[in-house]
Structure formats: C-alpha cells, structure tokens
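K.L.:
Data: target_15.txt, compact mmCIF, C-alpha atoms (C1' of nucleotides).
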# COMPACT_ATOMS: atom_id res chain seq x y z
CA MET V 1 12.81 -33.01 36.77
CA SER V 2 11.61 -35.68 34.37
CA GLN V 3 9.52 -34.80 31.38
CA LEU V 4 6.53 -36.49 32.96
CA ALA V 5 7.01 -34.60 36.20
CA GLN V 6 7.19 -31.36 34.27
CA VAL V 7 3.96 -32.19 32.51
CA VAL V 8 2.27 -33.04 35.78
CA GLN V 9 3.49 -29.73 37.17
CA LEU V 10 2.16 -27.91 34.15
CA LEU V 11 -1.25 -29.52 34.48
CA GLU V 12 -1.39 -28.83 38.18
CA ASP V 13 -0.60 -25.22 37.43
CA ARG V 14 -3.62 -25.18 35.17
CA ASN V 15 -5.77 -26.66 37.94
CA VAL V 16 -6.33 -29.80 35.96
CA ARG V 17 -7.15 -32.71 38.22
CA LEU V 18 -4.72 -35.55 37.76
CA THR V 19 -7.04 -38.50 37.94
CA PRO V 20 -5.90 -42.09 37.39
CA PRO V 21 -7.31 -42.28 33.84
CA ARG V 22 -5.56 -39.04 32.95
CA LEU V 23 -2.31 -40.22 34.40
CA ALA V 24 -2.71 -43.48 32.53
CA VAL V 25 -3.18 -41.61 29.26
CA LEU V 26 -0.22 -39.42 30.06
CA ALA V 27 1.95 -42.42 30.88
CA ALA V 28 0.85 -44.26 27.76
CA ALA V 29 1.60 -41.19 25.68
CA ALA V 30 4.98 -40.85 27.33
CA ALA V 31 5.74 -44.51 26.71
CA ALA V 32 4.62 -44.32 23.10
CA ALA V 33 6.80 -43.18 20.31
CA GLU V 34 7.20 -39.48 20.01
CA ARG V 35 4.35 -39.51 17.55
CA PHE V 36 1.31 -41.55 18.44
CA SER V 37 -2.30 -41.95 17.53
CA ALA V 38 -5.33 -41.87 19.78
CA GLU V 39 -5.91 -45.42 18.66
CA GLU V 40 -2.56 -46.55 20.07
CA ILE V 41 -3.43 -45.06 23.42
CA GLN V 42 -6.79 -46.80 23.29
CA ARG V 43 -5.14 -50.11 22.53
CA GLU V 44 -2.75 -49.52 25.38
CA LEU V 45 -5.53 -48.67 27.81
CA PRO V 46 -8.51 -50.84 27.01
CA ARG V 47 -10.03 -50.08 30.38
CA VAL V 48 -10.12 -46.34 29.88
CA GLY V 49 -13.11 -45.05 27.97
CA ARG V 50 -12.64 -43.79 24.46
CA ALA V 51 -14.21 -40.48 25.31
CA THR V 52 -11.87 -40.06 28.24
CA ILE V 53 -8.87 -40.72 26.06
CA PHE V 54 -9.94 -38.14 23.51
CA ARG V 55 -10.85 -35.68 26.24
CA THR V 56 -7.49 -36.12 27.89
CA LEU V 57 -5.63 -35.74 24.63
CA LYS V 58 -7.56 -32.58 23.96
CA LEU V 59 -6.68 -31.37 27.41
CA LEU V 60 -3.02 -31.97 26.70
CA VAL V 61 -3.29 -30.20 23.38
CA ASP V 62 -4.96 -27.25 25.09
CA ALA V 63 -2.18 -27.19 27.63
CA ASP V 64 0.31 -27.19 24.77
CA ILE V 65 1.86 -30.38 26.09
CA ILE V 66 1.20 -32.31 22.94
CA CYS V 67 0.26 -31.06 19.53
CA ARG V 68 -1.88 -32.47 16.78
CA VAL V 69 -0.05 -33.49 13.69
CA ILE V 70 -1.71 -33.77 10.34
CA GLN V 71 -0.10 -36.26 8.03
CA ASP V 72 0.24 -36.31 4.30
CA ASP V 73 -2.86 -38.49 4.04
CA GLY V 74 -4.96 -36.41 6.37
CA ARG V 75 -4.62 -38.66 9.39
CA LEU V 76 -4.21 -37.04 12.76
CA LEU V 77 -1.48 -38.01 15.13
CA TYR V 78 -0.33 -36.46 18.35
CA ARG V 79 3.17 -35.49 19.23
CA TRP V 80 4.88 -34.11 22.29
CA SER V 81 5.29 -30.50 21.57
CA ARG V 82 8.60 -28.87 21.84
CA ARG V 83 9.33 -25.44 22.91
CA GLY V 84 10.82 -23.33 20.21
CA HIS V 85 9.96 -22.93 16.59
CA HIS V 86 11.13 -25.72 14.35
CA HIS V 87 10.10 -27.82 11.40
CA HIS V 88 10.51 -31.41 10.36
CA LEU V 89 11.97 -33.59 7.72
CA VAL V 90 9.63 -36.52 7.26
CA CYS V 91 10.64 -39.77 5.63
CA ARG V 92 7.86 -40.90 3.33
CA THR V 93 8.94 -44.51 3.56
CA CYS V 94 9.40 -45.18 7.25
CA GLY V 95 7.92 -42.09 8.80
CA ALA V 96 11.06 -41.13 10.67
CA THR V 97 11.50 -37.44 11.25
CA ARG V 98 14.27 -35.10 12.06
CA ASP V 99 13.90 -31.62 13.34
CA ILE V 100 15.16 -28.62 11.49
CA SER V 101 15.55 -25.69 13.73
CA GLN V 102 16.63 -23.55 10.85
CA CYS V 103 13.62 -21.78 9.42
CA GLY V 104 14.13 -18.58 7.52
CA ILE V 105 10.60 -18.61 6.13
CA PRO V 106 9.69 -15.14 7.41
CA GLU V 107 12.76 -13.66 5.79
CA LEU V 108 12.14 -15.64 2.63
CA LEU V 109 8.44 -14.93 2.21
CA GLY V 110 7.92 -11.80 4.24
CA GLU V 111 8.50 -9.56 1.29
CA ALA V 112 6.17 -11.54 -0.96
CA ALA V 113 3.50 -11.36 1.72
CA ARG V 114 3.95 -7.64 2.09
CA VAL V 115 3.62 -7.15 -1.64
CA ALA V 116 0.39 -9.15 -1.57
CA GLY V 117 -0.86 -6.89 1.22
CA PHE V 118 -0.75 -9.61 3.86
CA ALA V 119 0.44 -9.20 7.41
CA MET V 120 2.25 -12.48 7.93
CA GLU V 121 1.50 -14.02 11.30
CA GLY V 122 2.62 -17.56 11.08
CA HIS V 123 3.44 -20.42 8.81
CA TRP V 124 3.42 -24.13 8.63
CA LEU V 125 6.05 -26.15 6.90
CA GLU V 126 6.89 -29.78 6.52
CA VAL V 127 9.52 -31.25 4.30
CA TYR V 128 9.05 -34.72 2.87
CA GLY V 129 11.67 -37.01 1.48
CA ARG V 130 13.53 -40.20 2.25
CA CYS V 131 15.90 -40.84 5.06
CA GLN V 132 19.33 -42.32 4.69
CA ARG V 133 18.26 -45.78 5.81
CA CYS V 134 15.36 -45.99 3.40
CA LEU V 135 17.48 -44.66 0.58
CA ALA V 136 19.95 -47.43 1.33
CA GLY V 137 17.14 -49.93 1.19
CA GLU V 138 17.21 -50.85 4.83
CA GLY V 139 14.63 -49.71 7.26
CA GLU V 140 11.91 -50.01 4.67
CA ARG V 141 8.65 -50.44 6.44
CA PRO V 142 5.23 -50.52 5.00
CA ALA V 143 4.26 -46.91 5.44
CA LEU V 144 3.14 -46.21 8.95
CA ASP V 145 -0.45 -46.33 8.16
CA ALA V 146 -0.45 -49.50 6.19
CA LYS V 147 -2.65 -51.53 8.43
CA ARG V 148 -2.79 -49.27 11.39
CA ALA V 149 -3.25 -52.16 13.71
CA THR V 150 0.19 -53.51 14.07
CA GLY V 151 0.87 -51.84 17.32
CA ALA V 152 4.35 -51.24 16.14
CA ALA V 153 5.52 -48.01 17.52
CA PRO V 154 6.91 -45.69 14.95
CA ARG V 155 10.55 -44.98 15.25
CA SER V 156 11.14 -41.96 17.32
CA GLU V 157 12.46 -38.81 15.75
CA GLU V 158 9.10 -38.62 14.09
CA VAL V 159 7.01 -36.29 12.02
CA THR V 160 5.11 -33.34 12.96
CA SER V 161 3.80 -30.24 11.61
CA VAL V 162 4.29 -27.23 13.60
CA THR V 163 2.42 -24.09 13.38
CA GLY V 164 5.13 -21.67 13.97
CA ALA V 165 4.94 -18.07 14.81
CA ALA V 166 6.48 -16.14 12.01
CA MET Y 167 -9.88 -22.42 -24.38
CA SER Y 168 -11.80 -22.09 -21.13
CA GLN Y 169 -10.60 -23.75 -18.00
CA LEU Y 170 -13.51 -26.16 -18.14
CA ALA Y 171 -12.79 -27.02 -21.75
CA GLN Y 172 -9.17 -27.67 -20.85
CA VAL Y 173 -10.23 -29.99 -18.08
CA VAL Y 174 -12.59 -31.83 -20.37
CA GLN Y 175 -9.76 -32.19 -22.86
CA LEU Y 176 -7.47 -33.50 -20.14
CA LEU Y 177 -10.01 -36.08 -19.05
CA GLU Y 178 -10.69 -37.16 -22.59
CA ASP Y 179 -6.98 -37.62 -23.05
CA ARG Y 180 -7.05 -39.98 -20.12
CA ASN Y 181 -9.92 -41.92 -21.67
CA VAL Y 182 -12.24 -40.88 -18.90
CA ARG Y 183 -15.84 -41.01 -19.98
CA LEU Y 184 -17.53 -37.67 -19.55
CA THR Y 185 -20.90 -38.72 -18.30
CA PRO Y 186 -23.57 -36.24 -17.20
CA PRO Y 187 -22.95 -36.78 -13.47
CA ARG Y 188 -19.25 -36.20 -13.96
CA LEU Y 189 -19.85 -33.08 -15.96
CA ALA Y 190 -22.23 -31.89 -13.28
CA VAL Y 191 -19.60 -32.38 -10.60
CA LEU Y 192 -17.05 -30.63 -12.76
CA ALA Y 193 -19.37 -27.72 -13.37
CA ALA Y 194 -20.27 -27.45 -9.70
CA ALA Y 195 -16.62 -27.51 -8.77
CA ALA Y 196 -15.88 -24.85 -11.35
CA ALA Y 197 -18.71 -22.71 -10.06
CA ALA Y 198 -17.66 -23.14 -6.44
CA ALA Y 199 -15.10 -21.04 -4.68
CA GLU Y 200 -11.54 -21.85 -5.53
CA ARG Y 201 -11.49 -24.04 -2.49
CA PHE Y 202 -14.50 -26.26 -1.88
CA SER Y 203 -15.62 -29.26 0.09
CA ALA Y 204 -17.21 -32.45 -1.14
CA GLU Y 205 -20.16 -31.46 0.99
CA GLU Y 206 -20.68 -28.27 -0.99
CA ILE Y 207 -20.74 -30.24 -4.22
CA GLN Y 208 -23.23 -32.64 -2.71
CA ARG Y 209 -25.46 -29.81 -1.64
CA GLU Y 210 -25.19 -28.37 -5.10
CA LEU Y 211 -26.07 -31.68 -6.76
CA PRO Y 212 -28.61 -33.45 -4.61
CA ARG Y 213 -29.51 -35.74 -7.47
CA VAL Y 214 -26.03 -37.07 -7.95
CA GLY Y 215 -25.09 -39.92 -5.65
CA ARG Y 216 -22.64 -39.28 -2.88
CA ALA Y 217 -20.42 -42.10 -4.03
CA THR Y 218 -20.36 -40.67 -7.54
CA ILE Y 219 -19.33 -37.28 -6.24
CA PHE Y 220 -16.47 -38.72 -4.23
CA ARG Y 221 -15.47 -40.97 -7.11
CA THR Y 222 -15.46 -38.05 -9.49
CA LEU Y 223 -13.47 -35.88 -7.14
CA LYS Y 224 -10.97 -38.68 -6.77
CA LEU Y 225 -10.80 -38.96 -10.51
CA LEU Y 226 -10.04 -35.27 -10.76
CA VAL Y 227 -7.40 -35.55 -8.08
CA ASP Y 228 -5.83 -38.46 -9.93
CA ALA Y 229 -5.84 -36.41 -13.09
CA ASP Y 230 -4.14 -33.61 -11.17
CA ILE Y 231 -7.00 -31.27 -12.00
CA ILE Y 232 -7.85 -30.59 -8.41
CA CYS Y 233 -5.83 -31.25 -5.31
CA ARG Y 234 -6.79 -32.23 -1.83
CA VAL Y 235 -6.09 -29.67 0.79
CA ILE Y 236 -5.74 -30.64 4.41
CA GLN Y 237 -6.74 -27.99 6.84
CA ASP Y 238 -5.44 -27.10 10.22
CA ASP Y 239 -8.24 -29.03 11.87
CA GLY Y 240 -7.78 -32.09 9.71
CA ARG Y 241 -10.69 -31.38 7.42
CA LEU Y 242 -10.23 -32.05 3.75
CA LEU Y 243 -11.06 -29.56 1.07
CA TYR Y 244 -10.44 -29.61 -2.62
CA ARG Y 245 -8.83 -26.93 -4.64
CA TRP Y 246 -8.19 -26.43 -8.32
CA SER Y 247 -4.61 -27.26 -8.81
CA ARG Y 248 -2.43 -24.97 -10.74
CA ARG Y 249 0.36 -25.92 -12.93
CA GLY Y 250 3.57 -24.93 -11.33
CA HIS Y 251 4.70 -25.06 -7.78
CA HIS Y 252 3.25 -22.44 -5.50
CA HIS Y 253 2.10 -21.81 -1.96
CA HIS Y 254 -0.63 -19.79 -0.36
CA LEU Y 255 -1.07 -16.84 1.85
CA VAL Y 256 -4.19 -17.48 3.87
CA CYS Y 257 -6.10 -14.78 5.69
CA ARG Y 258 -7.08 -15.99 9.14
CA THR Y 259 -9.99 -13.63 9.31
CA CYS Y 260 -11.82 -14.01 6.03
CA GLY Y 261 -10.20 -17.08 4.55
CA ALA Y 262 -9.06 -15.34 1.41
CA THR Y 263 -6.01 -16.88 -0.22
CA ARG Y 264 -3.33 -15.48 -2.47
CA ASP Y 265 -0.77 -17.52 -4.29
CA ILE Y 266 2.91 -17.06 -3.82
CA SER Y 267 4.82 -18.47 -6.70
CA GLN Y 268 8.09 -17.65 -5.05
CA CYS Y 269 9.23 -20.61 -3.04
CA GLY Y 270 12.90 -21.00 -2.34
CA ILE Y 271 12.32 -23.74 0.22
CA PRO Y 272 14.55 -26.29 -1.51
CA GLU Y 273 17.40 -23.82 -1.58
CA LEU Y 274 16.71 -22.78 1.97
CA LEU Y 275 16.38 -26.20 3.50
CA GLY Y 276 18.15 -28.42 1.02
CA GLU Y 277 21.43 -28.17 2.82
CA ALA Y 278 19.87 -28.86 6.22
CA ALA Y 279 18.15 -31.90 4.73
CA ARG Y 280 21.37 -33.16 3.21
CA VAL Y 281 23.16 -32.80 6.52
CA ALA Y 282 20.40 -34.81 8.17
CA GLY Y 283 20.84 -37.49 5.53
CA PHE Y 284 17.48 -36.85 3.89
CA ALA Y 285 16.76 -36.80 0.20
CA MET Y 286 14.25 -34.00 -0.02
CA GLU Y 287 11.33 -34.80 -2.30
CA GLY Y 288 8.65 -32.33 -1.51
CA HIS Y 289 7.38 -29.90 1.01
CA TRP Y 290 4.25 -28.34 2.26
CA LEU Y 291 4.04 -24.73 3.25
CA GLU Y 292 1.26 -22.41 4.20
CA VAL Y 293 1.67 -18.88 5.31
CA TYR Y 294 -1.09 -17.28 7.25
CA GLY Y 295 -1.82 -13.83 8.45
CA ARG Y 296 -4.31 -11.11 7.68
CA CYS Y 297 -5.19 -9.63 4.36
CA GLN Y 298 -5.26 -5.93 3.65
CA ARG Y 299 -9.04 -5.69 3.90
CA CYS Y 300 -9.23 -7.43 7.24
CA LEU Y 301 -6.37 -5.37 8.57
CA ALA Y 302 -8.29 -2.29 7.53
CA GLY Y 303 -11.31 -3.58 9.39
CA GLU Y 304 -13.46 -4.14 6.33
CA GLY Y 305 -14.09 -7.50 4.92
CA GLU Y 306 -14.43 -8.97 8.37
CA ARG Y 307 -16.84 -11.78 8.17
CA PRO Y 308 -18.23 -13.67 11.11
CA ALA Y 309 -16.45 -16.96 10.90
CA LEU Y 310 -18.39 -18.67 8.23
CA ASP Y 311 -17.94 -22.03 9.71
CA ALA Y 312 -20.31 -21.66 12.53
CA LYS Y 313 -22.60 -24.39 11.44
CA ARG Y 314 -20.98 -25.48 8.22
CA ALA Y 315 -24.30 -25.62 6.55
CA THR Y 316 -24.53 -22.15 5.24
CA GLY Y 317 -23.32 -22.99 1.82
CA ALA Y 318 -21.03 -20.08 2.05
CA ALA Y 319 -17.53 -20.39 0.86
CA PRO Y 320 -14.50 -20.79 3.02
CA ARG Y 321 -14.52 -20.27 6.65
CA SER Y 322 -12.11 -18.20 8.52
CA GLU Y 323 -8.92 -19.38 10.03
CA GLU Y 324 -8.54 -21.95 7.39
CA VAL Y 325 -5.16 -23.03 6.45
CA THR Y 326 -4.84 -24.57 3.09
CA SER Y 327 -1.94 -26.74 2.51
CA VAL Y 328 -0.36 -27.96 -0.59
CA THR Y 329 2.22 -30.57 -1.04
CA GLY Y 330 4.52 -29.26 -3.61
CA ALA Y 331 7.30 -30.91 -5.47
CA ALA Y 332 10.56 -29.64 -4.14
C1' DG X 333 -17.54 -37.70 59.44
C1' DC X 334 -21.27 -35.80 56.41
C1' DG X 335 -23.47 -33.45 52.75
C1' DT X 336 -23.05 -30.64 48.76
C1' DT X 337 -21.17 -29.33 44.56
C1' DG X 338 -18.82 -29.65 40.55
C1' DA X 339 -15.46 -32.13 37.89
C1' DC X 340 -14.59 -36.42 35.83
C1' DT X 341 -15.77 -40.97 33.95
C1' DG X 342 -17.38 -44.63 30.77
C1' DA X 343 -20.95 -46.15 27.75
C1' DT X 344 -23.09 -45.17 23.95
C1' DA X 345 -25.18 -42.57 20.29
C1' DC X 346 -24.15 -39.47 16.82
C1' DT X 347 -21.39 -36.86 13.20
C1' DT X 348 -18.35 -36.21 9.40
C1' DT X 349 -16.04 -37.66 5.54
C1' DG X 350 -15.12 -40.97 3.00
C1' DT X 351 -14.85 -45.95 0.85
C1' DC X 352 -16.94 -50.39 -0.59
C1' DT X 353 -20.45 -53.31 -2.55
C1' DC X 354 -23.89 -54.44 -5.59
C1' DA X 355 -27.64 -54.44 -8.70
C1' DA X 356 -29.27 -51.48 -12.30
C1' DT X 357 -28.27 -48.68 -16.14
C1' DA X 358 -25.74 -46.42 -19.81
C1' DT X 359 -22.36 -46.56 -23.35
C1' DA X 360 -19.01 -48.07 -26.82
C1' DG X 361 -17.76 -51.13 -30.14
C1' DC X 362 -19.04 -54.46 -33.18
C1' DG G 363 -29.48 -54.76 -31.78
C1' DC G 364 -26.22 -57.27 -28.86
C1' DT G 365 -22.65 -57.79 -25.63
C1' DA G 366 -18.99 -56.42 -22.67
C1' DT G 367 -17.61 -52.96 -19.85
C1' DA G 368 -17.89 -48.71 -17.36
C1' DT G 369 -20.59 -45.95 -14.53
C1' DT G 370 -24.24 -44.97 -11.41
C1' DG G 371 -26.94 -44.44 -7.01
C1' DA G 372 -28.34 -46.46 -2.76
C1' DG G 373 -26.97 -47.88 1.12
C1' DA G 374 -23.83 -50.32 4.32
C1' DC G 375 -19.62 -49.74 6.53
C1' DA G 376 -15.44 -47.46 8.62
C1' DA G 377 -12.33 -44.27 11.06
C1' DA G 378 -11.84 -40.76 14.15
C1' DG G 379 -13.78 -37.95 16.85
C1' DT G 380 -17.59 -35.32 19.60
C1' DA G 381 -21.84 -34.95 22.49
C1' DT G 382 -24.80 -36.58 25.98
C1' DC G 383 -25.93 -38.43 30.21
C1' DA G 384 -26.20 -40.85 34.46
C1' DG G 385 -23.12 -42.42 37.84
C1' DT G 386 -18.89 -41.75 40.59
C1' DC G 387 -15.39 -39.34 42.91
C1' DA G 388 -12.93 -35.74 45.33
C1' DA G 389 -12.63 -31.25 47.49
C1' DC G 390 -14.49 -28.27 50.61
C1' DG G 391 -17.25 -26.22 54.22
C1' DC G 392 -19.48 -27.35 58.29
Translate this structure into structure tokens?
P.N.:
Amino acid sequence: MSQLAQVVQLLEDRNVRLTPPRLAVLAAAAAAAERFSAEEIQRELPRVGRATIFRTLKLLVDADIICRVIQDDGRLLYRWSRRGHHHHLVCRTCGATRDISQCGIPELLGEAARVAGFAMEGHWLEVYGRCQRCLAGEGERPALDAKRATGAAPRSEEVTSVTGAA
Amino acid sequence: MSQLAQVVQLLEDRNVRLTPPRLAVLAAAAAAAERFSAEEIQRELPRVGRATIFRTLKLLVDADIICRVIQDDGRLLYRWSRRGHHHHLVCRTCGATRDISQCGIPELLGEAARVAGFAMEGHWLEVYGRCQRCLAGEGERPALDAKRATGAAPRSEEVTSVTGAA
DNA sequence: GCGTTGACTGATACTTTGTCTCAATATAGC
DNA sequence: GCTATATTGAGACAAAGTATCAGTCAACGC
C-alpha cells in the first residue's frame, strides 16, 4: 500500500470526506519535499482557496498524518509525521535533516526532573549544526527562508521538531 | 549590583543610549513574569510606541539580555536569558518553569551526529510534564490563555524553548 | 429522481506579531 | 547654541493563519 493510499485509508477511517480539494492538497503535500510550507501548497494549487488549504492541513495535523514544525526563526512548516519517537539533526546552512532515533532524554533528565518535583511527560529536542556537504562548502544554499518565494523544494531528509512522549 | 543595574551596565558597554522609553521597556520586562510577550509590555506601556517596544526588545535580544522563546503553537515569547547553558522543565498545567542546568545532550547525541556527518553546533530541548503542585491538585489554574487579554502571566501548556550552544 | 441536511468550499475580512518608513524630536559633541 | 546623529511614535505594510458566510455538493431517506 502506498503512503498516499495509507493516508486516504486513515482519513476514511476518521470519516473525513475525501473531496477533490482535499485530495489535491494531499497530493501536493505528498509531491512536496518532506518538509513544506502552507505557502508552497498554495503556490502549487492556485485554484484551491487559502482557507481550504489551511483547513485541510489542520485536518491532516489532527489526524496525525503531518505535523507542524517550528523552525529556529519561528516559521511554521509541515512535515509528514513518522511513527515512532525520534529527533532530528538540522543543517543550519541548507536545512537538510537527518533523523536520530536514539533519544535517551528520559534517562538523562528523568532524575533531574524528579528532583525538581516534576512528573516528566514528554520532551522536544532538535539538534542544529552543519551537514557534511555544507561543511565541505558544497551544497551551500541561501538558508531556506531567504526569499521564501523561490519555489525550490527543500532537500528531503528535512527538519522537524517532534514532540515525543518521554 | 541588581539585575537591572547589570543590564544597564551591559547596554552602556554596548554604547546603547538609555532613553526613557528604553528604560521603561526594561523596567516593564523586569517586572513581568520571567517569560513575557511583547503584547504584555505594550499593555504595560500604552504610551510607548509599538515599534519602539519591538525595537527595544530586539536590542535586548541582540545584547543577549533576553532571548526569544518559540512556543509549541508558534507564538513568540521573550525570556530573560541566563548566562550558562540550561534547559527548562515546563508544567503543562500551570506553565511554571524550572531550569535544568544539567544537559548532557552533546555527549548523548554527539556520536550519532558524527556518524550522520553533522557538525553539531547547538540544540534545543524542552521537557514538559507536571509540577508537584499540579500533581497534588493545587495550583491548577484554568488555562490562562483563554482570551489572551487577561494580563496574567503564562498560560498553561506552554512549552518554552531555548536554543542552547552545544 | 427529489428534497433535506450537513459537510465542504472559496472569497474575503480579520487577527496577531512583527517590521519598515518617515517626519518629528531628543541627545551628544563641539 | 548649533549640527549631526540616534531615537521616537504613528501608521502602513507583511506573513501566516483563523473566522465568517453564502453557495455548492454529496449522502441519505423516501
């Protein structure tokens, strides 16, 4: 079953009507880089209303199909969510990301939380740095946001922040 | 030397002119909760221009006196920055935060980053859960956010985030 | 097939959180 | 006091959503 088919299944299970605009948003999101902005979807689908795009994205977020990703600069992007708890390495130069499945935060900070009288329930971690290509001087791109309007899809592997259950 | 005096000193060192509006913003920020929004400062200082408030906050961010904090929902807050790398425990019920100076992230994830070909430069971690008081059933506050206009300090479920040097 | 009902849509206005511009004003240095 | 420069406040503008509303569409019962 393709990813898209799975998503369709998931939405049908939630009794969400799969209308043409919704499917268009879904397809555009699927065709976009792993991380995409609402604006990209809008650009891709000029005939679909802005409100519909945002509503559909929200729907997908609610269905846990995509997740909202807050970047360093406060911008919001969307990303296909992945099952399983993981974090990301984010390249500050080109925006590329790699997943880290290793976590260890609960073990690391659980004791500190206990001492502070907190019941730890979750955490949120992102690691920033520079990827091999950018370190080597290739792959330098004006940071993703630079002019926002380039339409250039970010390289896949992308960023995200994940709110993970501790 | 008081915190405010230290800040004034810091700004003077940077040749920043300490005009009355700037001092007013500084004082309002100092009087506010540890974490505050630009809106709160505005409400506090109706006679100071909005642009001046934002400019002054930016100035303080540039001077590393306060830091911008991106919340779960993408909203921006400001927070007095502390010397030294630390993270926060955030109570989802009442919004209270506690610092954790212990970090260990670089040690924990450094190897994973290296394997992925990343040069780790910083990270961003928030731990959330419930504080002792909320666990005990006291201290529960109706989510303060409701209409944002209450002037009350932080709302519940906030997640503060800090980008720390790794 | 028809009518009803409720979900969905697109247009558009509005909100929030800033940033930019510009003329007026304050300040520092001489 | 004069001049150059920094700062200010008002207000326009922008990005990224959200809310509202009338119109449309699809499902469902008859």
K.L.:
For Arg130 (chain V), which residue among Y:Val174, Y:Val235, Y:Ala279, Y:Leu242 is the nearest when counting all atoms listed in the file?
P.N.:
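That would be Y:Ala279, the residue with the smallest distance to Arg130 (chain V).
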K.L.:
Can you work out which one of V:Leu11, V:Ala38, V:Leu23, V:Leu4 has the shortest atom-to-atom distance to DG379 (chain G), counting only C-alpha atoms (C1' of nucleotides)?
P.N.:
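For DG379 (chain G), the nearest of the candidates is V:Ala38.
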K.L.:
For chain G, report every residue with an atom at most 12 Å from chain Y (counting all atoms listed in the file), formatted as a list in words.
P.N.:
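The selection requested is DA368, DT369, DT370, DG371, DA372, DG373, DA378 and DG379 of chain G.
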K.L.:
Please, which residues in chain X fall within 12 Å of chain Y when counting all atoms listed in the file, and what is the closest atom pair and distance in Å to one decimal for each, ordered by chain then residue number, as CSV?
P.N.:
residue,atom,partner,partner_atom,distance
X:DT348,C1',Y:Arg241,CA,9.3
X:DT349,C1',Y:Leu242,CA,8.3
X:DG350,C1',Y:Phe220,CA,7.7
X:DT351,C1',Y:Ala217,CA,8.3
X:DC352,C1',Y:Ala217,CA,9.6
X:DT353,C1',Y:Ala217,CA,11.3
X:DA358,C1',Y:Thr185,CA,9.2
X:DT359,C1',Y:Arg183,CA,9.2
X:DA360,C1',Y:Arg183,CA,10.3
K.L.:
For chain Y, list the residues within 6 Å of chain V, counting only C-alpha atoms, and write the list as a ChimeraX atom specification.
P.N.:
/Y:283-298
K.L.:
Generate the output file for the selected residues, C-alpha atoms, as a short mmCIF file (atom, residue, chain, number, x, y, z; two decimals), in the frame of the given file.
P.N.:
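To be explicit, this is the file written out as result_34.cif:
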data_model
loop_
_atom_site.label_atom_id
_atom_site.label_comp_id
_atom_site.auth_asym_id
_atom_site.auth_seq_id
_atom_site.Cartn_x
_atom_site.Cartn_y
_atom_site.Cartn_z
CA GLY Y 283 20.84 -37.49 5.53
CA PHE Y 284 17.48 -36.85 3.89
CA ALA Y 285 16.76 -36.80 0.20
CA MET Y 286 14.25 -34.00 -0.02
CA GLU Y 287 11.33 -34.80 -2.30
CA GLY Y 288 8.65 -32.33 -1.51
CA HIS Y 289 7.38 -29.90 1.01
CA TRP Y 290 4.25 -28.34 2.26
CA LEU Y 291 4.04 -24.73 3.25
CA GLU Y 292 1.26 -22.41 4.20
CA VAL Y 293 1.67 -18.88 5.31
CA TYR Y 294 -1.09 -17.28 7.25
CA GLY Y 295 -1.82 -13.83 8.45
CA ARG Y 296 -4.31 -11.11 7.68
CA CYS Y 297 -5.19 -9.63 4.36
CA GLN Y 298 -5.26 -5.93 3.65
#
K.L.:
Take CA of Ile65 (chain V) and CA of Val7 (chain V) and report the distance between them in Å, one decimal.
P.N.:
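Going from CA of Ile65 (chain V) over to CA of Val7 (chain V), I get 7.0 Å.
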K.L.:
Please indicate the distance in Å from CA of Ala24 (chain V) to CA of Val61 (chain V), rounded to one decimal place.
P.N.:
16.1 Å
K.L.:
So what do you get for CA of Ala27 (chain V) versus C1' of DA377 (chain G), distance-wise?
P.N.:
24.5 Å
K.L.:
I need the residue nearest DC340 (chain X) from this list: V:Leu26, V:Asp62, V:Ala31, V:Leu18. Use only C-alpha atoms (C1' of nucleotides) for the distance.
P.N.:
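Closest to DC340 (chain X), using only C-alpha atoms (C1' of nucleotides): V:Leu18.
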K.L.:
As a ChimeraX atom specification, please: the residues near DC362 (chain X) (cut-off 12 Å, only C-alpha atoms (C1' of nucleotides), same-chain neighbours under 4 positions excluded).
P.N.:
/G:363-366
